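Data from query_15.txt: compact mmCIF, C-alpha atoms
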# COMPACT_ATOMS: atom_id res chain seq x y z
CA MET A 1 0.29 -41.71 69.15
CA ARG A 2 -0.18 -38.93 66.61
CA ILE A 3 -2.49 -36.11 67.64
CA ALA A 4 -3.64 -33.46 65.17
CA LEU A 5 -4.78 -30.09 66.49
CA LEU A 6 -6.82 -28.58 63.67
CA GLY A 7 -6.99 -24.82 64.01
CA GLY A 8 -4.04 -25.43 66.30
CA THR A 9 -2.69 -21.90 65.92
CA GLY A 10 -5.52 -20.74 68.22
CA ASP A 11 -5.36 -20.55 71.97
CA ILE A 12 -6.89 -23.92 72.91
CA GLY A 13 -4.68 -25.62 70.32
CA GLU A 14 -1.64 -23.92 71.81
CA GLY A 15 -2.59 -25.00 75.32
CA LEU A 16 -3.10 -28.65 74.41
CA ALA A 17 0.06 -28.71 72.25
CA VAL A 18 2.38 -27.40 74.94
CA ARG A 19 0.83 -29.57 77.68
CA TRP A 20 1.02 -32.75 75.61
CA GLY A 21 4.42 -31.64 74.36
CA ARG A 22 5.79 -31.32 77.87
CA ASP A 23 3.97 -34.22 79.54
CA THR A 24 3.93 -36.96 76.86
CA ASP A 25 5.87 -38.45 73.96
CA HIS A 26 3.03 -38.17 71.46
CA GLU A 27 3.75 -36.65 68.08
CA LEU A 28 1.81 -33.40 67.74
CA LEU A 29 0.59 -32.11 64.40
CA VAL A 30 -0.52 -28.50 64.39
CA GLY A 31 -3.03 -27.92 61.60
CA SER A 32 -4.13 -24.65 60.04
CA ARG A 33 -5.73 -23.56 56.80
CA ASP A 34 -2.37 -21.86 56.22
CA PRO A 35 0.48 -24.40 56.55
CA GLU A 36 3.04 -21.61 56.97
CA LYS A 37 1.21 -20.35 60.04
CA ALA A 38 0.96 -23.93 61.31
CA ARG A 39 4.72 -24.44 60.98
CA ALA A 40 5.46 -21.14 62.74
CA ALA A 41 3.09 -22.06 65.60
CA ALA A 42 4.60 -25.55 65.87
CA ASP A 43 8.09 -24.08 66.22
CA ASP A 44 6.81 -21.61 68.77
CA TYR A 45 5.15 -24.35 70.85
CA ALA A 46 8.23 -26.56 70.66
CA GLY A 47 10.23 -23.61 71.98
CA THR A 48 7.79 -23.17 74.87
CA VAL A 49 8.12 -26.85 75.75
CA ALA A 50 11.92 -26.67 75.54
CA ASP A 51 11.92 -23.63 77.85
CA ALA A 52 9.96 -25.76 80.32
CA GLY A 53 12.60 -28.48 80.13
CA GLY A 54 10.69 -30.73 77.74
CA ASP A 55 11.48 -32.14 74.33
CA ALA A 56 8.44 -32.28 72.06
CA THR A 57 7.90 -33.37 68.47
CA ILE A 58 5.57 -30.71 67.06
CA LYS A 59 5.13 -30.13 63.34
CA GLY A 60 2.90 -27.86 61.26
CA PHE A 61 0.69 -28.85 58.29
CA ASP A 62 -2.44 -27.74 56.55
CA ASN A 63 -5.50 -29.11 58.34
CA ALA A 64 -6.16 -31.98 55.91
CA MET A 65 -2.60 -33.24 56.00
CA ALA A 66 -2.50 -33.01 59.79
CA ALA A 67 -5.76 -34.96 60.03
CA ASP A 68 -4.57 -37.53 57.50
CA ARG A 69 -1.46 -38.35 59.50
CA ALA A 70 -3.13 -38.44 62.92
CA ASP A 71 -4.76 -41.13 65.06
CA VAL A 72 -6.66 -38.54 67.09
CA VAL A 73 -7.98 -35.34 65.48
CA VAL A 74 -8.88 -32.44 67.79
CA LEU A 75 -11.15 -29.75 66.32
CA ALA A 76 -9.51 -26.81 68.08
CA VAL A 77 -11.49 -24.27 66.08
CA PRO A 78 -14.23 -21.80 67.05
CA PRO A 79 -17.72 -23.35 67.02
CA TYR A 80 -18.77 -21.57 63.83
CA HIS A 81 -15.82 -23.16 61.98
CA VAL A 82 -16.40 -26.70 63.25
CA ALA A 83 -18.64 -27.85 60.40
CA ASP A 84 -16.47 -26.54 57.56
CA THR A 85 -13.31 -27.83 59.23
CA VAL A 86 -14.79 -31.33 59.44
CA GLU A 87 -15.85 -31.06 55.82
CA ALA A 88 -12.35 -30.01 54.74
CA VAL A 89 -10.77 -33.10 56.33
CA ALA A 90 -13.59 -35.64 55.98
CA ASP A 91 -11.82 -37.66 53.28
CA THR A 92 -8.94 -38.33 55.65
CA LEU A 93 -11.09 -39.73 58.48
CA ASP A 94 -11.93 -43.38 58.98
CA GLU A 95 -13.15 -45.71 61.71
CA ASP A 96 -9.70 -46.04 63.23
CA ASP A 97 -9.47 -42.31 63.91
CA VAL A 98 -11.00 -40.49 66.84
CA VAL A 99 -12.40 -36.99 66.34
CA VAL A 100 -12.39 -34.81 69.47
CA THR A 101 -14.48 -31.66 69.82
CA PRO A 102 -13.80 -29.12 72.59
CA ALA A 103 -15.89 -26.21 71.27
CA ALA A 104 -18.99 -24.72 72.94
CA GLY A 105 -21.43 -22.41 71.21
CA MET A 106 -21.88 -19.14 73.09
CA LYS A 107 -23.43 -15.76 72.66
CA ARG A 108 -22.68 -12.67 74.68
CA ASP A 109 -25.01 -9.93 75.85
CA GLU A 110 -24.85 -7.23 78.50
CA ASP A 111 -25.42 -9.80 81.27
CA GLY A 112 -22.65 -12.16 80.29
CA PHE A 113 -22.12 -15.27 78.21
CA HIS A 114 -24.88 -17.71 77.42
CA TYR A 115 -24.91 -21.19 75.98
CA ASN A 116 -26.05 -20.99 72.39
CA PRO A 117 -25.97 -24.45 70.82
CA PRO A 118 -26.33 -25.05 67.10
CA GLY A 119 -29.52 -26.60 65.74
CA ALA A 120 -28.14 -30.11 66.26
CA GLY A 121 -28.44 -29.49 70.04
CA SER A 122 -24.74 -29.19 70.83
CA VAL A 123 -21.50 -28.62 68.95
CA THR A 124 -20.67 -32.24 69.76
CA ALA A 125 -23.86 -33.41 68.03
CA LEU A 126 -23.04 -31.20 65.04
CA VAL A 127 -19.66 -32.94 64.74
CA ARG A 128 -21.28 -36.37 65.10
CA ASP A 129 -23.59 -35.47 62.21
CA ALA A 130 -20.75 -34.04 60.09
CA VAL A 131 -18.13 -36.82 60.23
CA PRO A 132 -18.25 -39.80 57.83
CA GLU A 133 -20.29 -42.70 59.16
CA GLY A 134 -18.44 -44.89 61.62
CA VAL A 135 -15.88 -42.29 62.70
CA PRO A 136 -16.02 -42.09 66.49
CA VAL A 137 -16.59 -38.63 68.01
CA VAL A 138 -15.65 -37.62 71.55
CA GLY A 139 -16.48 -34.36 73.31
CA ALA A 140 -13.70 -33.31 75.69
CA PHE A 141 -11.49 -30.40 76.80
CA HIS A 142 -14.42 -27.93 76.77
CA ASN A 143 -13.92 -26.42 80.18
CA LEU A 144 -10.25 -25.58 80.17
CA ALA A 145 -9.24 -21.93 80.27
CA ALA A 146 -6.93 -21.62 77.28
CA GLY A 147 -4.62 -19.05 78.86
CA ARG A 148 -4.05 -21.21 81.90
CA LEU A 149 -3.51 -24.31 79.79
CA ALA A 150 -0.89 -22.53 77.68
CA ASP A 151 1.05 -21.23 80.69
CA LEU A 152 3.20 -24.19 81.71
CA SER A 153 4.15 -22.50 84.97
CA LEU A 154 0.58 -22.96 86.22
CA ASP A 155 -0.69 -26.15 87.84
CA LEU A 156 -4.05 -27.36 86.62
CA GLY A 157 -5.72 -29.43 89.36
CA ILE A 158 -9.00 -29.50 87.43
CA ASP A 159 -11.26 -31.90 85.58
CA THR A 160 -12.27 -32.36 81.99
CA LEU A 161 -15.54 -34.03 81.10
CA VAL A 162 -15.69 -36.64 78.36
CA VAL A 163 -18.81 -37.58 76.38
CA ALA A 164 -18.82 -40.36 73.80
CA ASP A 165 -20.94 -43.18 72.44
CA ASP A 166 -17.89 -45.30 71.59
CA GLY A 167 -16.23 -46.79 74.67
CA ASP A 168 -12.83 -47.36 73.07
CA ALA A 169 -12.68 -43.82 71.74
CA ALA A 170 -13.72 -42.44 75.13
CA ALA A 171 -11.00 -44.48 76.82
CA THR A 172 -8.37 -43.24 74.37
CA VAL A 173 -9.28 -39.59 74.92
CA SER A 174 -9.59 -39.98 78.70
CA ARG A 175 -6.12 -41.52 78.77
CA LEU A 176 -4.71 -38.65 76.68
CA ALA A 177 -6.38 -36.15 79.01
CA GLU A 178 -4.99 -37.76 82.14
CA GLU A 179 -1.48 -37.81 80.67
CA ILE A 180 -1.61 -34.03 81.10
CA GLU A 181 -0.32 -33.34 84.58
CA GLY A 182 -3.06 -32.14 86.93
CA LEU A 183 -5.94 -32.97 84.62
CA ARG A 184 -8.52 -35.60 85.59
CA ALA A 185 -10.93 -37.02 83.00
CA LEU A 186 -14.46 -37.82 84.11
CA SER A 187 -17.17 -39.35 81.97
CA ALA A 188 -20.40 -37.41 81.56
CA GLY A 189 -21.97 -40.24 79.57
CA GLY A 190 -22.99 -40.39 75.92
CA LEU A 191 -22.94 -37.73 73.20
CA ALA A 192 -26.56 -36.90 74.07
CA ASN A 193 -25.26 -35.40 77.33
CA ALA A 194 -22.94 -32.94 75.59
CA ALA A 195 -25.10 -29.81 75.96
CA GLU A 196 -24.77 -29.74 79.74
CA VAL A 197 -21.00 -30.18 79.40
CA GLU A 198 -20.67 -27.40 76.83
CA SER A 199 -22.85 -25.11 79.00
CA VAL A 200 -20.12 -25.04 81.61
CA THR A 201 -17.91 -22.97 79.28
CA PRO A 202 -20.03 -19.76 79.38
CA LEU A 203 -20.65 -20.39 83.10
CA LEU A 204 -16.92 -20.38 83.82
CA ILE A 205 -16.57 -17.06 82.01
CA ASN A 206 -19.48 -15.57 83.98
CA VAL A 207 -18.08 -16.77 87.30
CA SER A 208 -14.61 -15.47 86.42
CA SER A 209 -15.95 -12.04 85.49
CA ASN A 210 -18.15 -11.68 88.59
CA ASN A 211 -15.66 -12.58 91.30
CA ASP A 212 -12.54 -10.63 92.09
CA ASP A 213 -9.37 -12.71 92.24
CA LEU A 214 -10.84 -15.50 90.16
CA HIS A 215 -9.84 -15.80 86.53
CA ASP A 216 -9.07 -18.53 84.00
CA LEU A 217 -11.27 -20.82 86.07
CA GLY A 218 -11.58 -24.54 85.72
CA VAL A 219 -13.92 -26.87 87.48
CA ARG A 220 -13.44 -29.78 89.81
CA PHE A 221 -16.12 -32.28 90.75
CA GLU A 222 -15.91 -33.23 94.41
CA MET B 1 -32.56 -13.80 110.65
CA ARG B 2 -35.63 -15.88 109.90
CA ILE B 3 -35.35 -18.29 106.99
CA ALA B 4 -38.39 -20.10 105.59
CA LEU B 5 -37.87 -23.36 103.69
CA LEU B 6 -41.04 -23.83 101.67
CA GLY B 7 -41.50 -27.45 100.75
CA GLY B 8 -38.99 -27.92 103.52
CA THR B 9 -40.02 -31.52 104.17
CA GLY B 10 -38.18 -32.49 100.96
CA ASP B 11 -34.55 -33.41 100.71
CA ILE B 12 -33.00 -30.05 99.79
CA GLY B 13 -35.05 -28.40 102.54
CA GLU B 14 -33.79 -30.94 105.03
CA GLY B 15 -30.18 -30.40 103.97
CA LEU B 16 -30.34 -26.61 104.28
CA ALA B 17 -32.26 -26.81 107.58
CA VAL B 18 -29.78 -29.07 109.33
CA ARG B 19 -26.74 -27.22 107.97
CA TRP B 20 -28.06 -23.79 108.98
CA GLY B 21 -29.34 -25.33 112.20
CA ARG B 22 -25.92 -26.62 113.15
CA ASP B 23 -23.78 -23.78 111.77
CA THR B 24 -25.82 -20.62 112.52
CA ASP B 25 -28.23 -19.04 114.98
CA HIS B 26 -30.89 -18.23 112.39
CA GLU B 27 -34.46 -19.19 113.12
CA LEU B 28 -35.58 -21.82 110.63
CA LEU B 29 -39.18 -22.15 109.51
CA VAL B 30 -40.01 -25.39 107.73
CA GLY B 31 -43.00 -24.86 105.43
CA SER B 32 -45.27 -27.45 103.87
CA ARG B 33 -48.74 -27.52 102.42
CA ASP B 34 -49.48 -29.75 105.41
CA PRO B 35 -48.47 -27.99 108.66
CA GLU B 36 -48.50 -31.28 110.58
CA LYS B 37 -45.86 -32.69 108.23
CA ALA B 38 -43.92 -29.45 108.58
CA ARG B 39 -43.91 -29.70 112.38
CA ALA B 40 -42.82 -33.34 112.28
CA ALA B 41 -40.00 -32.52 109.88
CA ALA B 42 -38.91 -29.54 112.01
CA ASP B 43 -38.69 -31.77 115.09
CA ASP B 44 -36.78 -34.36 113.12
CA TYR B 45 -34.26 -31.78 111.82
CA ALA B 46 -33.82 -30.27 115.29
CA GLY B 47 -33.03 -33.78 116.53
CA THR B 48 -30.43 -34.26 113.78
CA VAL B 49 -28.79 -30.96 114.73
CA ALA B 50 -28.84 -31.89 118.44
CA ASP B 51 -27.22 -35.24 117.61
CA ALA B 52 -24.45 -33.28 115.88
CA GLY B 53 -23.93 -31.20 119.02
CA GLY B 54 -25.90 -28.19 117.81
CA ASP B 55 -28.88 -26.34 119.19
CA ALA B 56 -31.23 -25.11 116.47
CA THR B 57 -34.54 -23.28 116.50
CA ILE B 58 -36.59 -25.07 113.83
CA LYS B 59 -40.37 -24.82 113.66
CA GLY B 60 -42.99 -26.09 111.23
CA PHE B 61 -45.82 -24.12 109.58
CA ASP B 62 -47.92 -24.18 106.48
CA ASN B 63 -46.06 -22.56 103.58
CA ALA B 64 -47.86 -19.20 103.73
CA MET B 65 -47.32 -18.77 107.44
CA ALA B 66 -43.66 -19.73 107.14
CA ALA B 67 -43.19 -17.23 104.30
CA ASP B 68 -45.05 -14.52 106.19
CA ARG B 69 -42.75 -14.79 109.21
CA ALA B 70 -39.50 -15.00 107.28
CA ASP B 71 -36.93 -12.52 105.99
CA VAL B 72 -35.60 -14.98 103.44
CA VAL B 73 -37.90 -17.45 101.68
CA VAL B 74 -36.31 -20.49 100.03
CA LEU B 75 -38.45 -22.29 97.43
CA ALA B 76 -37.26 -25.80 98.28
CA VAL B 77 -39.84 -27.43 96.04
CA PRO B 78 -39.58 -29.41 92.78
CA PRO B 79 -39.47 -27.18 89.69
CA TYR B 80 -43.02 -28.06 88.63
CA HIS B 81 -44.32 -26.79 92.00
CA VAL B 82 -42.37 -23.53 92.00
CA ALA B 83 -45.04 -21.40 90.31
CA ASP B 84 -47.96 -22.55 92.46
CA THR B 85 -45.88 -22.32 95.63
CA VAL B 86 -45.04 -18.70 94.86
CA GLU B 87 -48.69 -18.03 94.09
CA ALA B 88 -49.75 -19.55 97.42
CA VAL B 89 -47.47 -17.25 99.41
CA ALA B 90 -47.43 -14.13 97.18
CA ASP B 91 -49.55 -12.06 99.57
CA THR B 92 -46.94 -12.47 102.30
CA LEU B 93 -43.99 -11.23 100.19
CA ASP B 94 -42.79 -7.65 100.02
CA GLU B 95 -39.71 -5.68 99.02
CA ASP B 96 -37.95 -6.40 102.30
CA ASP B 97 -38.07 -10.14 101.74
CA VAL B 98 -35.69 -12.13 99.61
CA VAL B 99 -36.97 -15.11 97.61
CA VAL B 100 -34.38 -17.80 96.90
CA THR B 101 -34.80 -20.45 94.20
CA PRO B 102 -32.60 -23.58 94.12
CA ALA B 103 -34.62 -25.66 91.63
CA ALA B 104 -33.49 -26.75 88.15
CA GLY B 105 -35.79 -28.11 85.47
CA MET B 106 -34.66 -31.51 84.23
CA LYS B 107 -35.87 -34.34 82.09
CA ARG B 108 -34.51 -37.84 82.03
CA ASP B 109 -34.07 -40.20 79.11
CA GLU B 110 -32.04 -43.36 78.47
CA ASP B 111 -28.82 -41.30 78.17
CA GLY B 112 -29.13 -39.43 81.43
CA PHE B 113 -30.47 -36.16 82.76
CA HIS B 114 -30.88 -33.08 80.61
CA TYR B 115 -31.56 -29.47 81.39
CA ASN B 116 -35.17 -28.71 80.57
CA PRO B 117 -35.98 -25.13 81.49
CA PRO B 118 -39.51 -23.75 81.60
CA GLY B 119 -40.69 -21.32 78.92
CA ALA B 120 -39.35 -18.37 80.92
CA GLY B 121 -35.82 -19.60 80.14
CA SER B 122 -34.91 -20.84 83.61
CA VAL B 123 -36.69 -21.71 86.84
CA THR B 124 -35.11 -18.57 88.28
CA ALA B 125 -36.71 -16.44 85.56
CA LEU B 126 -40.03 -18.15 86.22
CA VAL B 127 -39.78 -17.15 89.89
CA ARG B 128 -38.81 -13.59 88.95
CA ASP B 129 -41.94 -13.40 86.79
CA ALA B 130 -44.15 -14.95 89.50
CA VAL B 131 -43.30 -12.87 92.58
CA PRO B 132 -45.02 -9.53 93.26
CA GLU B 133 -43.22 -6.57 91.70
CA GLY B 134 -40.27 -5.34 93.70
CA VAL B 135 -39.62 -8.57 95.59
CA PRO B 136 -35.96 -9.49 95.06
CA VAL B 137 -35.23 -12.96 93.68
CA VAL B 138 -31.94 -14.81 94.06
CA GLY B 139 -30.94 -18.11 92.44
CA ALA B 140 -28.70 -20.18 94.73
CA PHE B 141 -28.10 -23.65 96.20
CA HIS B 142 -28.80 -25.38 92.86
CA ASN B 143 -25.77 -27.58 92.73
CA LEU B 144 -25.77 -29.17 96.16
CA ALA B 145 -26.38 -32.89 96.41
CA ALA B 146 -29.23 -33.11 98.89
CA GLY B 147 -28.10 -36.35 100.50
CA ARG B 148 -24.64 -35.01 101.16
CA LEU B 149 -26.01 -31.74 102.51
CA ALA B 150 -28.30 -33.58 104.93
CA ASP B 151 -25.53 -35.81 106.27
CA LEU B 152 -23.81 -33.64 108.85
CA SER B 153 -20.92 -36.08 109.14
CA LEU B 154 -19.80 -35.14 105.60
CA ASP B 155 -17.62 -32.15 104.84
CA LEU B 156 -18.74 -30.02 101.92
CA GLY B 157 -15.73 -28.22 100.43
CA ILE B 158 -17.77 -27.11 97.44
CA ASP B 159 -19.20 -23.96 95.87
CA THR B 160 -22.68 -22.61 95.33
CA LEU B 161 -23.37 -20.14 92.54
CA VAL B 162 -25.50 -17.08 93.18
CA VAL B 163 -27.40 -15.14 90.50
CA ALA B 164 -29.34 -11.96 91.28
CA ASP B 165 -30.19 -8.56 89.88
CA ASP B 166 -30.39 -6.99 93.37
CA GLY B 167 -26.99 -6.51 94.97
CA ASP B 168 -28.24 -6.38 98.56
CA ALA B 169 -30.28 -9.54 98.15
CA ALA B 170 -27.32 -11.30 96.53
CA ALA B 171 -25.09 -10.25 99.44
CA THR B 172 -27.61 -11.53 102.00
CA VAL B 173 -27.88 -14.93 100.34
CA SER B 174 -24.13 -15.22 99.75
CA ARG B 175 -23.56 -14.51 103.45
CA LEU B 176 -26.12 -17.14 104.44
CA ALA B 177 -24.46 -19.63 102.10
CA GLU B 178 -20.99 -19.00 103.47
CA GLU B 179 -22.22 -19.41 107.05
CA ILE B 180 -22.59 -23.08 106.14
CA GLU B 181 -19.27 -24.69 106.92
CA GLY B 182 -17.39 -25.71 103.80
CA LEU B 183 -19.62 -23.86 101.38
CA ARG B 184 -18.26 -21.00 99.27
CA ALA B 185 -20.62 -18.62 97.46
CA LEU B 186 -19.57 -17.32 94.05
CA SER B 187 -21.49 -14.87 91.92
CA ALA B 188 -22.45 -15.97 88.42
CA GLY B 189 -23.91 -12.54 87.62
CA GLY B 190 -27.49 -11.48 87.00
CA LEU B 191 -30.69 -13.52 86.80
CA ALA B 192 -30.21 -13.70 83.02
CA ASN B 193 -27.28 -16.05 83.68
CA ALA B 194 -29.38 -18.56 85.64
CA ALA B 195 -29.79 -21.17 82.90
CA GLU B 196 -26.09 -22.05 82.83
CA VAL B 197 -26.13 -22.36 86.63
CA GLU B 198 -29.21 -24.59 86.65
CA SER B 199 -27.69 -26.73 83.87
CA VAL B 200 -25.00 -27.90 86.27
CA THR B 201 -27.60 -29.89 88.25
CA PRO B 202 -28.28 -32.52 85.55
CA LEU B 203 -24.57 -32.52 84.69
CA LEU B 204 -23.66 -33.45 88.27
CA ILE B 205 -26.11 -36.35 88.14
CA ASN B 206 -24.66 -37.55 84.82
CA VAL B 207 -21.08 -37.34 86.11
CA SER B 208 -22.04 -39.14 89.32
CA SER B 209 -23.73 -41.94 87.44
CA ASN B 210 -20.91 -42.45 84.92
CA ASN B 211 -17.93 -42.64 87.27
CA ASP B 212 -17.41 -45.33 89.85
CA ASP B 213 -16.64 -44.05 93.33
CA LEU B 214 -18.16 -40.63 92.64
CA HIS B 215 -21.59 -39.85 94.04
CA ASP B 216 -23.44 -36.92 95.57
CA LEU B 217 -21.06 -34.66 93.66
CA GLY B 218 -20.64 -30.96 94.11
CA VAL B 219 -18.55 -28.59 92.11
CA ARG B 220 -15.63 -26.36 92.92
CA PHE B 221 -14.34 -23.57 90.70
CA GLU B 222 -10.56 -23.43 90.74
Could you spell out this file's structure in structure tokens?
Amino acid sequence: MRIALLGGTGDIGEGLAVRWGRDTDHELLVGSRDPEKARAAADDYAGTVADAGGDATIKGFDNAMAADRADVVVLAVPPYHVADTVEAVADTLDEDDVVVTPAAGMKRDEDGFHYNPPGAGSVTALVRDAVPEGVPVVGAFHNLAAGRLADLSLDLGIDTLVVADDGDAAATVSRLAEEIEGLRALSAGGLANAAEVESVTPLLINVSSNNDDLHDLGVRFE
Amino acid sequence: MRIALLGGTGDIGEGLAVRWGRDTDHELLVGSRDPEKARAAADDYAGTVADAGGDATIKGFDNAMAADRADVVVLAVPPYHVADTVEAVADTLDEDDVVVTPAAGMKRDEDGFHYNPPGAGSVTALVRDAVPEGVPVVGAFHNLAAGRLADLSLDLGIDTLVVADDGDAAATVSRLAEEIEGLRALSAGGLANAAEVESVTPLLINVSSNNDDLHDLGVRFE
């Protein structure tokens, strides 16, 4: 399978690229607005995977070309860039693709981080509204600490929550998630349930910052 | 220590009563608007603890009398009864008490459960606004499945998140939480961070209902 990581030069893109690179045979397409940066990141990630004993196919492209070549397109961009990133690649998306959104809207004040969804109700809903009609959207990979994901020496042992209205797309993304060693995919239901999933992201930051010896937290449902 | 469980005839009250009854020596005061129901529930819970080999002091009172006698007052009532329960016991609360709120506002639709906070921003904030000035408020015990808590044959192995603006009150409640076997208390910061904590309650229900073999879920931060 071909997986595009749009905005893949960022930290969540790096984490997913090196995990999939080490743990699967999927072809990974790092996307960026700047294809030079994408190629440099792809080489860097391939090096990280090789250092961990893996052998990954990771290439860099501009976002639209990465999306065009991919079966699964991950929007690994900050929440305020989600809408314009979808717009920039919309022509390349069709019903056979799956668009995956891991972003959560947050604001920070003196108390900590707070969930701050866009007007659509969640970043996931914003993506659903932005993609061409018929393109399946899946929310997943929200609650993974990027630094921990990118450090291949660390075991995960955590869950990721998947929301989707399209059962086949949900199954595809859940399977991709579980191919990452130590990651379990759990369904949180339809796209309408995305806000509660995205809310866990600021919560994890607050819990990490208020407890000594805890950092880069993930969550496990037990 | 004396712990009042207002609305303690309900399921979260039962769970906390039997866990503290079995695992600690605290005196437990089950409160209800109907003191007869409170006494019947207290006897029932004491029987459950005795069946598990414990020896608990659990008594029933009307809510105001339970609150008056207690050091820690847990508002174990549904979110829509939180404000009037606080009002009913407000005269009994002072700065030496600690008021604990475990409730989360939720609404349900065809997709699942959704976080639905009151106008104050969270149930915790509503309690903070409702108690007499100077009475410390702590949010805790939101994310515990009541049925699992009440079944003493089940191990917990999960976390509870604590939010508070008063450090001493937070420490008291965290200690009480950790006296329950298998429960770890983690700070999620100040009361302003309560919404993200309360949001986990509908999420747990959605995850339970969308995954076979998972039910009565708790959460662990790892």
> Would you list which chain A residues are within 6 Å of chain B using all atoms listed in the file, as a PyMOL selection string?
Replying inline: chain A and resi 187-189+196+199+203+206-207+210+217-222
> For Pro102 of chain A, which of A:Thr9, A:Asn116, A:Ser122, A:Thr172 is the closest residue, counting only C-alpha atoms?
Replying inline: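 Looking only at the distances to Pro102 of chain A, the closest residue turns out to be A:Ser122.
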>> Taking 2 positions as the minimum chain separation for residues in the same chain, which residues sit within 8 Å of segment 129-131 of chain B when counting only C-alpha atoms? Answer as a PyMOL selection string.
In response: chain B and resi 83+86-87+90+93+125-127+133+135
> Which residues, written as a list in words, have at least one atom at most 12 Å from Glu95 of chain A, with all atoms listed in the file counted and residues fewer than 4 positions away on the same chain left out?
Replying inline: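 The neighbour list is Asp71, Val72, Ala90, Asp91, Val99, Val131, Pro132, Glu133, Gly134, Val135, Pro136, Val137, Asp166, Asp168 and Ala169 of chain A.
What separates atom CA of Arg39 of chain A from atom CA of Ala66 of chain A is a distance of 11.3 Å.
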> From the list B:Val138, B:Ala46, B:Val77, B:Ala88, which residue is nearest Gly13 of chain B when using only C-alpha atoms?
Replying inline: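 Checking each of B:Val138, B:Ala46, B:Val77, B:Ala88 against Gly13 of chain B, counting only C-alpha atoms, the winner is B:Val77.
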>> At a cut-off of 9 Å, using all atoms listed in the file, what residues contact Gly21 of chain A? Leave out same-chain residues fewer than 2 positions from it and give the result as a PyMOL selection string.
In response: chain A and resi 16-19+23-28+45-46+49+54-58
Store the residues of this selection in a file with C-alpha atoms, as a PDB file, in the coordinates of the input.
ATOM      1  CA  LEU A  16      -3.100 -28.650  74.410  1.00  0.00           C
ATOM      2  CA  ALA A  17       0.060 -28.710  72.250  1.00  0.00           C
ATOM      3  CA  VAL A  18       2.380 -27.400  74.940  1.00  0.00           C
ATOM      4  CA  ARG A  19       0.830 -29.570  77.680  1.00  0.00           C
ATOM      5  CA  ASP A  23       3.970 -34.220  79.540  1.00  0.00           C
ATOM      6  CA  THR A  24       3.930 -36.960  76.860  1.00  0.00           C
ATOM      7  CA  ASP A  25       5.870 -38.450  73.960  1.00  0.00           C
ATOM      8  CA  HIS A  26       3.030 -38.170  71.460  1.00  0.00           C
ATOM      9  CA  GLU A  27       3.750 -36.650  68.080  1.00  0.00           C
ATOM     10  CA  LEU A  28       1.810 -33.400  67.740  1.00  0.00           C
ATOM     11  CA  TYR A  45       5.150 -24.350  70.850  1.00  0.00           C
ATOM     12  CA  ALA A  46       8.230 -26.560  70.660  1.00  0.00           C
ATOM     13  CA  VAL A  49       8.120 -26.850  75.750  1.00  0.00           C
ATOM     14  CA  GLY A  54      10.690 -30.730  77.740  1.00  0.00           C
ATOM     15  CA  ASP A  55      11.480 -32.140  74.330  1.00  0.00           C
ATOM     16  CA  ALA A  56       8.440 -32.280  72.060  1.00  0.00           C
ATOM     17  CA  THR A  57       7.900 -33.370  68.470  1.00  0.00           C
ATOM     18  CA  ILE A  58       5.570 -30.710  67.060  1.00  0.00           C
TER      19      ILE A  58
END
